[in-house]
Structures are given as structure tokens and as C-alpha cells.
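Note: the block below is start.pdb and it holds PDB, C-alpha atoms and all ligand atoms.
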ATOM      1  CA  MET J 727      19.590 -14.804 -23.583  1.00  0.00           C
ATOM      2  CA  THR J 728      16.765 -16.938 -24.976  1.00  0.00           C
ATOM      3  CA  ASP J 729      17.052 -19.818 -22.491  1.00  0.00           C
ATOM      4  CA  CYS J 730      17.398 -17.752 -19.301  1.00  0.00           C
ATOM      5  CA  ILE J 731      14.384 -17.831 -16.963  1.00  0.00           C
ATOM      6  CA  PHE J 732      15.111 -14.399 -15.514  1.00  0.00           C
ATOM      7  CA  CYS J 733      15.397 -12.848 -19.005  1.00  0.00           C
ATOM      8  CA  LYS J 734      12.013 -14.455 -19.697  1.00  0.00           C
ATOM      9  CA  ILE J 735      10.543 -12.978 -16.498  1.00  0.00           C
ATOM     10  CA  ALA J 736      11.916  -9.545 -17.461  1.00  0.00           C
ATOM     11  CA  SER J 737      10.326  -9.831 -20.933  1.00  0.00           C
ATOM     12  CA  GLY J 738       7.005 -11.112 -19.581  1.00  0.00           C
ATOM     13  CA  GLU J 739       7.366 -14.506 -21.279  1.00  0.00           C
ATOM     14  CA  ILE J 740       7.294 -16.258 -17.869  1.00  0.00           C
ATOM     15  CA  PRO J 741       4.837 -14.852 -15.315  1.00  0.00           C
ATOM     16  CA  ALA J 742       6.065 -13.480 -11.992  1.00  0.00           C
ATOM     17  CA  GLU J 743       4.701 -11.124  -9.373  1.00  0.00           C
ATOM     18  CA  ILE J 744       6.599  -8.021 -10.380  1.00  0.00           C
ATOM     19  CA  VAL J 745       6.674  -5.316  -7.699  1.00  0.00           C
ATOM     20  CA  HIS J 746       9.017  -2.804  -9.368  1.00  0.00           C
ATOM     21  CA  ASP J 747      10.104  -2.170 -12.959  1.00  0.00           C
ATOM     22  CA  ASN J 748      12.162   0.936 -13.482  1.00  0.00           C
ATOM     23  CA  ASP J 749      15.345   2.128 -15.144  1.00  0.00           C
ATOM     24  CA  GLY J 750      16.554  -1.273 -16.367  1.00  0.00           C
ATOM     25  CA  VAL J 751      15.823  -3.091 -13.103  1.00  0.00           C
ATOM     26  CA  VAL J 752      12.955  -5.513 -12.421  1.00  0.00           C
ATOM     27  CA  VAL J 753      12.036  -6.769  -8.941  1.00  0.00           C
ATOM     28  CA  PHE J 754       9.735  -9.757  -8.436  1.00  0.00           C
ATOM     29  CA  ARG J 755       8.740 -12.184  -5.679  1.00  0.00           C
ATOM     30  CA  ASP J 756      10.788 -15.351  -5.316  1.00  0.00           C
ATOM     31  CA  LEU J 757       8.857 -18.499  -6.268  1.00  0.00           C
ATOM     32  CA  ASN J 758      10.161 -20.326  -3.179  1.00  0.00           C
ATOM     33  CA  PRO J 759      10.322 -17.645  -0.470  1.00  0.00           C
ATOM     34  CA  GLN J 760      12.775 -18.117   2.392  1.00  0.00           C
ATOM     35  CA  ALA J 761      11.289 -15.295   4.487  1.00  0.00           C
ATOM     36  CA  PRO J 762       7.926 -13.481   4.720  1.00  0.00           C
ATOM     37  CA  THR J 763       9.319 -11.040   2.151  1.00  0.00           C
ATOM     38  CA  HIS J 764      11.660 -12.553  -0.448  1.00  0.00           C
ATOM     39  CA  LEU J 765      12.227 -10.477  -3.568  1.00  0.00           C
ATOM     40  CA  LEU J 766      14.753 -10.721  -6.386  1.00  0.00           C
ATOM     41  CA  ALA J 767      16.126  -7.608  -8.093  1.00  0.00           C
ATOM     42  CA  ILE J 768      17.582  -8.230 -11.560  1.00  0.00           C
ATOM     43  CA  PRO J 769      18.965  -6.090 -14.351  1.00  0.00           C
ATOM     44  CA  ARG J 770      17.061  -6.433 -17.650  1.00  0.00           C
ATOM     45  CA  GLN J 771      20.468  -6.955 -19.218  1.00  0.00           C
ATOM     46  CA  HIS J 772      21.673 -10.562 -19.027  1.00  0.00           C
ATOM     47  CA  ILE J 773      24.825 -10.852 -16.892  1.00  0.00           C
ATOM     48  CA  ALA J 774      25.482 -14.417 -15.708  1.00  0.00           C
ATOM     49  CA  THR J 775      27.446 -13.914 -12.473  1.00  0.00           C
ATOM     50  CA  ILE J 776      29.369 -11.323 -10.476  1.00  0.00           C
ATOM     51  CA  ASN J 777      32.454 -12.706 -12.235  1.00  0.00           C
ATOM     52  CA  ASP J 778      31.054 -11.360 -15.507  1.00  0.00           C
ATOM     53  CA  LEU J 779      30.700  -7.780 -14.250  1.00  0.00           C
ATOM     54  CA  GLU J 780      32.644  -5.102 -16.148  1.00  0.00           C
ATOM     55  CA  PRO J 781      33.345  -1.488 -15.152  1.00  0.00           C
ATOM     56  CA  ASP J 782      30.502  -0.440 -17.503  1.00  0.00           C
ATOM     57  CA  HIS J 783      28.040  -2.292 -15.265  1.00  0.00           C
ATOM     58  CA  ALA J 784      28.858  -0.253 -12.156  1.00  0.00           C
ATOM     59  CA  GLU J 785      25.870   2.093 -12.494  1.00  0.00           C
ATOM     60  CA  LEU J 786      23.510  -0.795 -13.166  1.00  0.00           C
ATOM     61  CA  VAL J 787      24.681  -2.655 -10.044  1.00  0.00           C
ATOM     62  CA  GLY J 788      24.118   0.532  -8.038  1.00  0.00           C
ATOM     63  CA  LYS J 789      20.584   0.653  -9.435  1.00  0.00           C
ATOM     64  CA  LEU J 790      19.920  -2.867  -8.100  1.00  0.00           C
ATOM     65  CA  TYR J 791      20.618  -1.551  -4.595  1.00  0.00           C
ATOM     66  CA  LEU J 792      18.517   1.573  -5.110  1.00  0.00           C
ATOM     67  CA  ALA J 793      15.645  -0.679  -6.239  1.00  0.00           C
ATOM     68  CA  ALA J 794      16.217  -2.852  -3.149  1.00  0.00           C
ATOM     69  CA  LYS J 795      15.969   0.244  -0.951  1.00  0.00           C
ATOM     70  CA  ALA J 796      12.704   1.284  -2.635  1.00  0.00           C
ATOM     71  CA  VAL J 797      10.986  -2.102  -2.452  1.00  0.00           C
ATOM     72  CA  ALA J 798      12.169  -2.718   1.114  1.00  0.00           C
ATOM     73  CA  ALA J 799      10.511   0.559   2.091  1.00  0.00           C
ATOM     74  CA  ASP J 800       7.340  -0.474   0.209  1.00  0.00           C
ATOM     75  CA  GLU J 801       7.317  -3.755   2.150  1.00  0.00           C
ATOM     76  CA  GLY J 802       7.671  -1.935   5.486  1.00  0.00           C
ATOM     77  CA  LEU J 803      11.193  -3.265   6.078  1.00  0.00           C
ATOM     78  CA  ALA J 804      13.247  -0.076   6.038  1.00  0.00           C
ATOM     79  CA  GLU J 805      13.232   0.421   9.808  1.00  0.00           C
ATOM     80  CA  ARG J 806      13.229  -3.176  11.031  1.00  0.00           C
ATOM     81  CA  GLY J 807      15.913  -4.294   8.595  1.00  0.00           C
ATOM     82  CA  TYR J 808      16.375  -6.766   5.779  1.00  0.00           C
ATOM     83  CA  ARG J 809      19.112  -8.778   4.152  1.00  0.00           C
ATOM     84  CA  THR J 810      20.493  -8.446   0.617  1.00  0.00           C
ATOM     85  CA  VAL J 811      22.461 -11.346  -0.873  1.00  0.00           C
ATOM     86  CA  MET J 812      23.946 -11.998  -4.284  1.00  0.00           C
ATOM     87  CA  ASN J 813      25.285 -15.530  -4.624  1.00  0.00           C
ATOM     88  CA  CYS J 814      28.121 -16.113  -7.072  1.00  0.00           C
ATOM     89  CA  GLY J 815      28.785 -19.569  -8.448  1.00  0.00           C
ATOM     90  CA  GLU J 816      28.067 -23.096  -7.431  1.00  0.00           C
ATOM     91  CA  GLU J 817      29.558 -23.203  -3.924  1.00  0.00           C
ATOM     92  CA  ALA J 818      27.691 -20.075  -2.936  1.00  0.00           C
ATOM     93  CA  GLY J 819      24.443 -21.709  -4.046  1.00  0.00           C
ATOM     94  CA  GLN J 820      23.789 -19.771  -7.255  1.00  0.00           C
ATOM     95  CA  THR J 821      21.231 -21.738  -9.280  1.00  0.00           C
ATOM     96  CA  VAL J 822      20.056 -19.137 -11.807  1.00  0.00           C
ATOM     97  CA  PHE J 823      22.861 -17.689 -13.874  1.00  0.00           C
ATOM     98  CA  HIS J 824      21.481 -14.191 -14.377  1.00  0.00           C
ATOM     99  CA  ILE J 825      22.656 -11.961 -11.526  1.00  0.00           C
ATOM    100  CA  HIS J 826      19.992 -11.263  -8.911  1.00  0.00           C
ATOM    101  CA  LEU J 827      19.996  -9.513  -5.586  1.00  0.00           C
ATOM    102  CA  HIS J 828      17.932 -11.364  -2.981  1.00  0.00           C
ATOM    103  CA  ILE J 829      16.011  -9.039  -0.636  1.00  0.00           C
ATOM    104  CA  LEU J 830      14.849 -10.943   2.441  1.00  0.00           C
ATOM    105  CA  GLY J 831      12.974  -9.658   5.455  1.00  0.00           C
ATOM    106  CA  GLY J 832      10.093 -10.005   7.849  1.00  0.00           C
ATOM    107  CA  ARG J 833      11.875 -12.313  10.295  1.00  0.00           C
ATOM    108  CA  PRO J 834      15.121 -12.185  12.302  1.00  0.00           C
ATOM    109  CA  MET J 835      18.127 -13.292  10.228  1.00  0.00           C
ATOM    110  CA  GLN J 836      20.981 -15.455  11.471  1.00  0.00           C
ATOM    111  CA  TRP J 837      24.679 -14.848  10.980  1.00  0.00           C
ATOM    112  CA  PRO J 838      26.825 -16.515   9.722  1.00  0.00           C
ATOM    113  CA  PRO J 839      24.682 -17.757   6.838  1.00  0.00           C
ATOM    114  CA  GLY J 840      24.604 -21.490   6.171  1.00  0.00           C
TER     115      GLY J 840
HETATM  116  P1  LIG J 901      20.099 -18.420  -6.380  1.00  0.00           P
HETATM  117  O1  LIG J 901      20.054 -19.769  -5.723  1.00  0.00           O
HETATM  118  O2  LIG J 901      20.575 -18.521  -7.815  1.00  0.00           O
HETATM  119  O3  LIG J 901      20.848 -17.372  -5.608  1.00  0.00           O
HETATM  120  O4  LIG J 901      18.604 -17.909  -6.394  1.00  0.00           O
HETATM  121  C1  LIG J 901      17.696 -18.258  -7.377  1.00  0.00           C
HETATM  122  C2  LIG J 901      16.329 -17.941  -6.820  1.00  0.00           C
HETATM  123  O5  LIG J 901      15.416 -17.892  -7.907  1.00  0.00           O
HETATM  124  C3  LIG J 901      15.800 -19.002  -5.852  1.00  0.00           C
HETATM  125  O6  LIG J 901      15.529 -18.379  -4.607  1.00  0.00           O
HETATM  126  C4  LIG J 901      14.560 -19.548  -6.541  1.00  0.00           C
HETATM  127  O7  LIG J 901      13.521 -19.827  -5.634  1.00  0.00           O
HETATM  128  C5  LIG J 901      14.197 -18.431  -7.496  1.00  0.00           C
HETATM  129  N1  LIG J 901      13.534 -18.875  -8.718  1.00  0.00           N
HETATM  130  C6  LIG J 901      13.944 -19.882  -9.537  1.00  0.00           C
HETATM  131  N2  LIG J 901      13.126 -19.986 -10.589  1.00  0.00           N
HETATM  132  C7  LIG J 901      12.175 -19.016 -10.432  1.00  0.00           C
HETATM  133  C8  LIG J 901      11.035 -18.638 -11.218  1.00  0.00           C
HETATM  134  O8  LIG J 901      10.740 -19.184 -12.276  1.00  0.00           O
HETATM  135  N3  LIG J 901      10.291 -17.598 -10.744  1.00  0.00           N
HETATM  136  C9  LIG J 901      10.601 -16.946  -9.576  1.00  0.00           C
HETATM  137  N4  LIG J 901       9.785 -15.948  -9.208  1.00  0.00           N
HETATM  138  N5  LIG J 901      11.665 -17.286  -8.820  1.00  0.00           N
HETATM  139  C10 LIG J 901      12.441 -18.314  -9.242  1.00  0.00           C
HETATM  140 ZN    ZN J 902      19.159 -13.718 -18.344  1.00  0.00          ZN
END
Would it be possible to restate this file's structure as C-alpha cells?
Ligand code: 5GP
Ligand code: ZN
Amino acid sequence: MTDCIFCKIASGEIPAEIVHDNDGVVVFRDLNPQAPTHLLAIPRQHIATINDLEPDHAELVGKLYLAAKAVAADEGLAERGYRTVMNCGEEAGQTVFHIHLHILGGRPMQWPPG
């Protein structure tokens, strides 16, 4: 997708602090962090929302979580814990329509979310 900011981050057209790039998944630091560690894991492939997932994407979605596990360990969060969130659609607060798994940690998290 030519007008998608996360496709542009994955291609290097827009700069980002990339911490992991492996097997079709890119992880970079959120521009507006909501916790001491706030990373976004995206597939290189453009998929707009969870609603656009197909059975063929199952392995790729699994890889997002494996990347989250790896970067959380790199950030020293594996033992203390961290939150993963994927917003879907307007009411959930999705603002970038290229699926992304938020990885948040480094402070206690509240539940329920806002
Ligand atoms: P959403 O609200 O769609 O779940 O999350 C989008 C996230 O992308 C937000 O946390 C926002 O700060 C982040 N974001 C938006 N534009 C950029 C950008 O150009 N670079 C980076 N690194 N993060 C971005
Ligand atoms: Zn995209």
C-alpha cells in the first residue's frame, strides 16, 4: 500500500527505530510511547485490520507474537510482564490501518483498559 505509514516504515521510506526485522515481521518503537517500553510489531504484508485476516494469515499472526516474545525478552520484560494489544476499528482506538501488535511494559498496567 503506497499511502500506508507502516508499509513505509517497513520499506525504510519513513524512519523508525527498528528493533527487530525477521521472517516478515518488523518491530519498531512507537513515536508516542504510552509506557517506558512501547513497541509495535507489524507484518511486512499490508493487512488493514483484524477483520481483514484470512486463514492464510494464521502463521503470520503467530509470528507477530513470537516477535513480541523475543523483543520483550530483549527489553528485560519477560519476567516482570508486559501487555500486548491489537486494536481493531474506530471504537477500539485503531488509528493506523495496518495491523500492529502493541507491546507495552516497564510500568504496572491497569485493567480494565480505558
Ligand atoms: P493504534 O491507535 O492504531 O492502535 O496505534 C497506532 C500507533 O502508531 C500509535 O500508538 C501511534 O503513536 C503510532 N504511530 C503513528 N504514526 C507513527 C509513526 O510514524 N511512527 C511510529 N514509530 N509510530 C507511529
Ligand atoms: Zn500498510
TODO: Find the residue from J:Ala784, J:Ala774, J:Tyr791, J:Ala804 that sits nearest to Ile731 (chain J); use all atoms listed in the file when measuring.
DONE: J:Ala774
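Take the candidates J:Cys814, J:Ile825, J:Ala798, J:Leu830 and check each one against Leu786 (chain J) using only C-alpha atoms; the shortest distance goes to J:Ile825.
Nearest residue to Glu801 (chain J), choosing from J:Arg755, J:Lys789, J:Lys734, J:Arg770 and counting all atoms listed in the file: J:Arg755.
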Task: Test item: residues lying within 6 Å of ligand LIG 901 (chain J) with all atoms listed in the file, as JSON, numbers by chain - done: {"J": [742, 755, 756, 757, 758, 813, 819, 820, 821, 822]}
Open item on the list: Since I can't run it myself right now, could you work out what the PyMOL selection byres (((chain J and resi 796) around 12) and not hetatm) selects here and report it as a ChimeraX atom specification?
Closed with: /J:745-748,751-753,765,767,789-795,797-804,829
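Compared by their closest atoms to ligand ZN 902 (chain J), and using only C-alpha atoms and all ligand atoms, the residues J:His764, J:His783, J:His826, J:Arg809 rank with J:His826 nearest.
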- [ ] I would like the residues chosen by the PyMOL selection byres (((not hetatm)) within 9 of (chain J and resi 902)) on the shown file; could you give them as number ranges by chain?
- [x] J: 727-736, 768-774, 822-825
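Taking CA of Val811 (chain J) and CA of Asp749 (chain J) as endpoints, the distance between them is 20.9 Å.
When the PyMOL selection byres (((chain J and resi 835) around 12) and not hetatm) is evaluated against the file, it yields Gln760, Ala761, Pro762, Arg806, Gly807, Tyr808, Arg809, Thr810, Ile829, Leu830, Gly831, Gly832, Arg833, Pro834, Gln836, Trp837, Pro838, Pro839 and Gly840 of chain J.
Take the candidates J:Gly815, J:Glu805, J:Pro759, J:Glu743 and check each one against Asp778 (chain J) using all atoms listed in the file; the shortest distance goes to J:Gly815.
Atom to atom, CA of Asp782 (chain J) and CA of Gly750 (chain J) stand 14.0 Å apart.
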Open item on the list: Please report the interatomic distance between CA of Ile776 (chain J) and CA of Ala818 (chain J) in Å with one decimal.
Closed with: 11.7 Å
Test item: axis-aligned box, all listed atoms of region 816-824 of chain J, 6 Å on each side, centre and edges in Å rounded to one decimal, as lines of an AutoDock Vina configuration file:
center_x = 24.8
center_y = -18.7
center_z = -8.7
size_x = 21.5
size_y = 21.0
size_z = 23.4
Task: Nearest candidate to Ile744 (chain J) (options J:Leu827, J:Met812, J:Leu766, J:Val787; using all atoms listed in the file) - done: J:Leu766
